[in-house]
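Participant: My structure file data-v9.txt, compact mmCIF, C-alpha atoms, is below:
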# COMPACT_ATOMS: atom_id res chain seq x y z
CA MET A 1 -89.03 211.32 -56.88
CA SER A 2 -91.96 210.51 -54.70
CA ARG A 3 -91.94 208.78 -51.35
CA SER A 4 -94.32 206.27 -49.92
CA PHE A 5 -95.86 206.56 -46.45
CA ARG A 6 -98.14 204.26 -44.48
CA TYR A 7 -100.72 206.05 -42.34
CA ALA A 8 -103.52 205.04 -40.01
CA VAL A 9 -106.67 207.09 -39.48
CA ASN A 10 -108.46 206.42 -36.19
CA VAL A 11 -112.11 207.45 -36.30
CA THR A 12 -113.97 207.50 -32.97
CA PRO A 13 -117.43 208.68 -31.94
CA LYS A 14 -117.27 212.13 -30.34
CA ALA A 15 -117.80 212.44 -26.59
CA GLY A 16 -121.50 212.58 -25.81
CA ILE A 17 -122.51 210.78 -29.01
CA LEU A 18 -124.39 207.54 -28.42
CA ASP A 19 -122.25 204.52 -29.30
CA PRO A 20 -124.45 201.42 -29.52
CA GLN A 21 -121.55 199.14 -30.47
CA GLY A 22 -119.67 200.23 -27.36
CA ARG A 23 -122.73 199.52 -25.23
CA ALA A 24 -123.05 196.09 -26.83
CA VAL A 25 -119.46 195.25 -25.92
CA GLU A 26 -120.03 196.40 -22.33
CA GLN A 27 -123.10 194.24 -22.04
CA SER A 28 -121.22 191.18 -23.32
CA LEU A 29 -118.49 191.38 -20.68
CA GLY A 30 -120.48 189.45 -18.13
CA HIS A 31 -120.80 186.45 -20.46
CA LEU A 32 -117.00 186.37 -20.76
CA GLY A 33 -116.50 186.66 -17.02
CA LEU A 34 -114.56 189.90 -17.40
CA ALA A 35 -114.94 192.70 -14.90
CA GLY A 36 -113.45 196.19 -14.55
CA VAL A 37 -113.94 197.25 -18.17
CA SER A 38 -115.82 200.48 -18.86
CA ALA A 39 -116.13 203.44 -21.22
CA VAL A 40 -115.95 201.28 -24.34
CA ARG A 41 -116.03 203.26 -27.59
CA VAL A 42 -116.05 201.52 -30.96
CA GLY A 43 -114.71 203.32 -33.99
CA ARG A 44 -112.90 202.53 -37.22
CA ARG A 45 -109.25 202.23 -38.09
CA VAL A 46 -108.25 202.76 -41.70
CA GLU A 47 -104.69 202.02 -42.81
CA LEU A 48 -103.47 203.25 -46.19
CA THR A 49 -100.40 203.96 -48.26
CA VAL A 50 -99.85 207.40 -49.79
CA GLU A 51 -97.31 208.41 -52.37
CA ALA A 52 -96.28 212.04 -52.21
CA VAL A 53 -93.23 214.25 -52.60
CA ASP A 54 -92.77 214.61 -48.84
CA GLN A 55 -94.41 213.87 -45.51
CA ASP A 56 -96.30 217.19 -45.35
CA ALA A 57 -97.92 216.55 -48.73
CA ALA A 58 -98.77 212.97 -47.74
CA ARG A 59 -100.38 214.06 -44.48
CA ALA A 60 -102.43 216.71 -46.29
CA ILE A 61 -103.91 214.01 -48.54
CA VAL A 62 -104.68 211.78 -45.55
CA GLU A 63 -106.29 214.61 -43.59
CA ARG A 64 -108.55 215.46 -46.52
CA LEU A 65 -109.52 211.84 -47.04
CA ALA A 66 -110.21 211.43 -43.31
CA GLY A 67 -112.41 214.51 -43.10
CA GLU A 68 -114.34 214.06 -46.34
CA LEU A 69 -114.69 210.31 -46.78
CA LEU A 70 -113.65 208.30 -43.74
CA SER A 71 -115.46 210.21 -40.99
CA ASN A 72 -118.68 212.06 -40.39
CA PRO A 73 -117.52 215.34 -38.79
CA LEU A 74 -120.87 215.88 -37.06
CA ILE A 75 -120.54 212.83 -34.84
CA GLU A 76 -117.00 211.53 -35.24
CA ALA A 77 -113.48 212.73 -34.56
CA PHE A 78 -110.42 211.46 -36.36
CA GLN A 79 -106.73 211.35 -35.60
CA VAL A 80 -103.99 210.68 -38.15
CA GLU A 81 -101.03 208.49 -37.22
CA LEU A 82 -97.89 207.99 -39.31
CA LEU A 83 -96.97 204.30 -39.22
CA ALA A 84 -93.88 204.18 -41.42
CA GLU A 85 -92.14 205.54 -44.46
CA THR A 86 -92.35 202.36 -46.45
CA SER A 87 -90.04 203.06 -49.37
CA SER A 88 -88.74 205.60 -51.81
CA VAL A 89 -90.10 205.41 -55.32
CA ALA A 90 -87.86 206.74 -58.05
CA SER A 91 -89.61 208.37 -60.98
CA GLY A 92 -87.63 209.43 -64.01
CA ALA A 93 -83.97 208.89 -64.76
CA GLY A 94 -82.71 211.91 -62.84
CA ARG A 95 -81.99 209.97 -59.70
CA MET B 96 -105.79 199.75 -4.62
CA SER B 97 -106.56 199.33 -8.28
CA ARG B 98 -105.33 201.46 -11.14
CA SER B 99 -107.13 202.59 -14.23
CA PHE B 100 -105.71 202.25 -17.73
CA ARG B 101 -107.01 203.39 -21.11
CA TYR B 102 -106.28 201.01 -23.97
CA ALA B 103 -107.00 200.88 -27.69
CA VAL B 104 -107.46 197.65 -29.63
CA ASN B 105 -106.80 197.96 -33.37
CA VAL B 106 -108.48 195.19 -35.35
CA THR B 107 -107.48 194.86 -39.01
CA PRO B 108 -108.24 192.30 -41.73
CA LYS B 109 -105.36 189.85 -42.13
CA ALA B 110 -103.18 190.05 -45.23
CA GLY B 111 -104.81 188.21 -48.09
CA ILE B 112 -108.32 188.53 -46.67
CA LEU B 113 -110.74 190.37 -48.95
CA ASP B 114 -111.59 193.80 -47.57
CA PRO B 115 -114.62 195.20 -49.39
CA GLN B 116 -114.68 198.40 -47.32
CA GLY B 117 -111.09 199.10 -48.29
CA ARG B 118 -111.93 198.55 -51.93
CA ALA B 119 -114.89 200.90 -51.64
CA VAL B 120 -112.65 203.63 -50.24
CA GLU B 121 -110.14 203.13 -53.07
CA GLN B 122 -112.89 203.40 -55.66
CA SER B 123 -114.15 206.65 -54.13
CA LEU B 124 -110.81 208.42 -54.39
CA GLY B 125 -111.36 209.52 -57.96
CA HIS B 126 -114.55 211.36 -57.01
CA LEU B 127 -112.57 213.33 -54.43
CA GLY B 128 -109.80 214.11 -56.90
CA LEU B 129 -107.22 212.35 -54.74
CA ALA B 130 -104.42 210.33 -56.27
CA GLY B 131 -101.55 208.27 -54.90
CA VAL B 132 -103.53 206.39 -52.27
CA SER B 133 -103.40 202.58 -52.25
CA ALA B 134 -103.52 199.48 -50.07
CA VAL B 135 -106.48 200.74 -48.03
CA ARG B 136 -107.54 198.39 -45.22
CA VAL B 137 -110.55 199.17 -43.05
CA GLY B 138 -110.73 197.74 -39.56
CA ARG B 139 -112.06 198.68 -36.15
CA ARG B 140 -110.63 200.64 -33.27
CA VAL B 141 -112.00 199.99 -29.81
CA GLU B 142 -110.99 202.21 -26.91
CA LEU B 143 -111.74 201.14 -23.36
CA THR B 144 -110.86 201.71 -19.72
CA VAL B 145 -109.71 198.81 -17.53
CA GLU B 146 -109.30 198.77 -13.78
CA ALA B 147 -106.73 196.32 -12.53
CA VAL B 148 -104.03 195.97 -9.90
CA ASP B 149 -101.24 196.67 -12.37
CA GLN B 150 -100.48 197.11 -16.05
CA ASP B 151 -99.80 193.41 -16.68
CA ALA B 152 -103.18 192.42 -15.26
CA ALA B 153 -104.91 195.14 -17.27
CA ARG B 154 -103.26 194.08 -20.51
CA ALA B 155 -104.22 190.45 -19.90
CA ILE B 156 -107.89 191.48 -19.66
CA VAL B 157 -107.65 193.54 -22.84
CA GLU B 158 -105.89 190.74 -24.76
CA ARG B 159 -108.60 188.28 -23.77
CA LEU B 160 -111.37 190.69 -24.73
CA ALA B 161 -109.67 191.43 -28.05
CA GLY B 162 -109.23 187.78 -28.96
CA GLU B 163 -112.61 186.49 -27.83
CA LEU B 164 -115.04 189.33 -28.46
CA LEU B 165 -113.56 192.16 -30.51
CA SER B 166 -111.92 190.22 -33.32
CA ASN B 167 -112.49 187.13 -35.43
CA PRO B 168 -109.13 185.32 -35.25
CA LEU B 169 -109.73 183.50 -38.53
CA ILE B 170 -109.74 186.65 -40.62
CA GLU B 171 -108.58 189.49 -38.38
CA ALA B 172 -105.46 190.45 -36.46
CA PHE B 173 -105.46 192.73 -33.44
CA GLN B 174 -102.88 194.88 -31.74
CA VAL B 175 -103.20 196.32 -28.24
CA GLU B 176 -102.01 199.86 -27.54
CA LEU B 177 -101.72 201.47 -24.10
CA LEU B 178 -103.05 205.01 -24.36
CA ALA B 179 -102.65 206.26 -20.78
CA GLU B 180 -102.84 205.41 -17.13
CA THR B 181 -105.86 207.54 -16.41
CA SER B 182 -105.97 207.55 -12.64
CA SER B 183 -105.41 205.61 -9.46
CA VAL B 184 -108.52 204.35 -7.71
CA ALA B 185 -108.21 203.86 -3.97
CA SER B 186 -110.25 201.02 -2.51
CA GLY B 187 -110.42 200.52 1.22
CA ALA B 188 -108.91 202.64 3.98
CA GLY B 189 -105.44 201.13 3.81
CA ARG B 190 -104.10 203.82 1.56
Just give me the structure of the file as C-alpha cells.
Facilitator:
Amino acid sequence: MSRSFRYAVNVTPKAGILDPQGRAVEQSLGHLGLAGVSAVRVGRRVELTVEAVDQDAARAIVERLAGELLSNPLIEAFQVELLAETSSVASGAGR
Amino acid sequence: MSRSFRYAVNVTPKAGILDPQGRAVEQSLGHLGLAGVSAVRVGRRVELTVEAVDQDAARAIVERLAGELLSNPLIEAFQVELLAETSSVASGAGR
C-alpha cells in the first residue's frame, strides 16, 4: 500500500541576495496608497502530491526535488511544508 | 505605538487554470529518477513586514496588497499566512 501526501515547497531568495521583484513591489506601494510595508521578498511556492510508503519516504522525495530542481542552492533557500495526507491508495489485493 | 508583523502571501494558479511551470516540473521528474510525484502547481510566495496598530489592521493591508498587486484574481488564488510578530515599535514618548 502506498499513501498520498500533499506538500508545499517554499523557495525564497537567501538573505543578502538581491531581489528585484521584491524591490519592484516596494516601489509600487505608493501607487496603491499603502504605507508601512517593508522587507518584501518574492519567491516561489510549489505544491505537489507524492505517493510513497510513508511520510518519511515522501518527504525525502520532496527534499530531493526541492534541492535539485525547484531551487538554486547558491542563491535560494527552501522549506518543505506538509499540507495534508490526501488519501490512502491500495495496491494489490492484500489489503 | 505600532507593531510589526511578518506575513507570507501564497499565490497559486486556480484549479482548472493551465500551469505550464507545473507541467515543466512534472516532465523533468524522469530525468531526476523520481517517481510518484503528480499534480504540481507552481505559484509565488511573497514575504513582507507590515507595521500597523494591531494584527487586524496589518492583515487588512496585506489582503489589499495581495488582491491588487501580488495576484491576478482572474486566474490566481491567494492565501495570507501570519509568520510572526517581529517586534514592537514605540513611536512618541507616551510609552
Participant: Could you list the residues in chain B lying within 10 Å of chain A, using all atoms listed in the file, and format the result as a PDB file with C-alpha atoms, keeping the file's coordinate frame?
Facilitator:
ATOM      1  CA  SER B  97    -106.560 199.330  -8.280  1.00  0.00           C
ATOM      2  CA  SER B  99    -107.130 202.590 -14.230  1.00  0.00           C
ATOM      3  CA  PHE B 100    -105.710 202.250 -17.730  1.00  0.00           C
ATOM      4  CA  ARG B 101    -107.010 203.390 -21.110  1.00  0.00           C
ATOM      5  CA  TYR B 102    -106.280 201.010 -23.970  1.00  0.00           C
ATOM      6  CA  ALA B 103    -107.000 200.880 -27.690  1.00  0.00           C
ATOM      7  CA  VAL B 104    -107.460 197.650 -29.630  1.00  0.00           C
ATOM      8  CA  ASN B 105    -106.800 197.960 -33.370  1.00  0.00           C
ATOM      9  CA  VAL B 106    -108.480 195.190 -35.350  1.00  0.00           C
ATOM     10  CA  THR B 107    -107.480 194.860 -39.010  1.00  0.00           C
ATOM     11  CA  GLN B 116    -114.680 198.400 -47.320  1.00  0.00           C
ATOM     12  CA  GLY B 117    -111.090 199.100 -48.290  1.00  0.00           C
ATOM     13  CA  VAL B 120    -112.650 203.630 -50.240  1.00  0.00           C
ATOM     14  CA  GLU B 121    -110.140 203.130 -53.070  1.00  0.00           C
ATOM     15  CA  SER B 123    -114.150 206.650 -54.130  1.00  0.00           C
ATOM     16  CA  LEU B 124    -110.810 208.420 -54.390  1.00  0.00           C
ATOM     17  CA  LEU B 127    -112.570 213.330 -54.430  1.00  0.00           C
ATOM     18  CA  LEU B 129    -107.220 212.350 -54.740  1.00  0.00           C
ATOM     19  CA  ALA B 130    -104.420 210.330 -56.270  1.00  0.00           C
ATOM     20  CA  GLY B 131    -101.550 208.270 -54.900  1.00  0.00           C
ATOM     21  CA  VAL B 132    -103.530 206.390 -52.270  1.00  0.00           C
ATOM     22  CA  SER B 133    -103.400 202.580 -52.250  1.00  0.00           C
ATOM     23  CA  ALA B 134    -103.520 199.480 -50.070  1.00  0.00           C
ATOM     24  CA  VAL B 135    -106.480 200.740 -48.030  1.00  0.00           C
ATOM     25  CA  ARG B 136    -107.540 198.390 -45.220  1.00  0.00           C
ATOM     26  CA  VAL B 137    -110.550 199.170 -43.050  1.00  0.00           C
ATOM     27  CA  GLY B 138    -110.730 197.740 -39.560  1.00  0.00           C
ATOM     28  CA  ARG B 139    -112.060 198.680 -36.150  1.00  0.00           C
ATOM     29  CA  ARG B 140    -110.630 200.640 -33.270  1.00  0.00           C
ATOM     30  CA  VAL B 141    -112.000 199.990 -29.810  1.00  0.00           C
ATOM     31  CA  GLU B 142    -110.990 202.210 -26.910  1.00  0.00           C
ATOM     32  CA  LEU B 143    -111.740 201.140 -23.360  1.00  0.00           C
ATOM     33  CA  THR B 144    -110.860 201.710 -19.720  1.00  0.00           C
ATOM     34  CA  VAL B 145    -109.710 198.810 -17.530  1.00  0.00           C
ATOM     35  CA  GLU B 146    -109.300 198.770 -13.780  1.00  0.00           C
ATOM     36  CA  ALA B 147    -106.730 196.320 -12.530  1.00  0.00           C
ATOM     37  CA  ALA B 153    -104.910 195.140 -17.270  1.00  0.00           C
ATOM     38  CA  ILE B 156    -107.890 191.480 -19.660  1.00  0.00           C
ATOM     39  CA  VAL B 157    -107.650 193.540 -22.840  1.00  0.00           C
ATOM     40  CA  ARG B 159    -108.600 188.280 -23.770  1.00  0.00           C
ATOM     41  CA  LEU B 160    -111.370 190.690 -24.730  1.00  0.00           C
ATOM     42  CA  GLU B 163    -112.610 186.490 -27.830  1.00  0.00           C
ATOM     43  CA  LEU B 164    -115.040 189.330 -28.460  1.00  0.00           C
ATOM     44  CA  LEU B 165    -113.560 192.160 -30.510  1.00  0.00           C
TER      45      LEU B 165
END
Participant: Work out how far atom CA of A:Glu81 is from atom CA of B:Glu180, in Å to one decimal.
Facilitator: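 Atom-to-atom, atom CA of B:Glu180 to atom CA of A:Glu81, that is 20.4 Å.
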Participant: What's the separation between atom CA of A:Glu76 and atom CA of A:Leu18, in Å to one decimal place?
Facilitator: 10.8 Å
Participant: For the atom pair atom CA of A:Arg3 and atom CA of A:Thr86, what is the interatomic distance in Å to one decimal place?
Facilitator: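 Rounded to one decimal, the two atoms are 8.1 Å apart.
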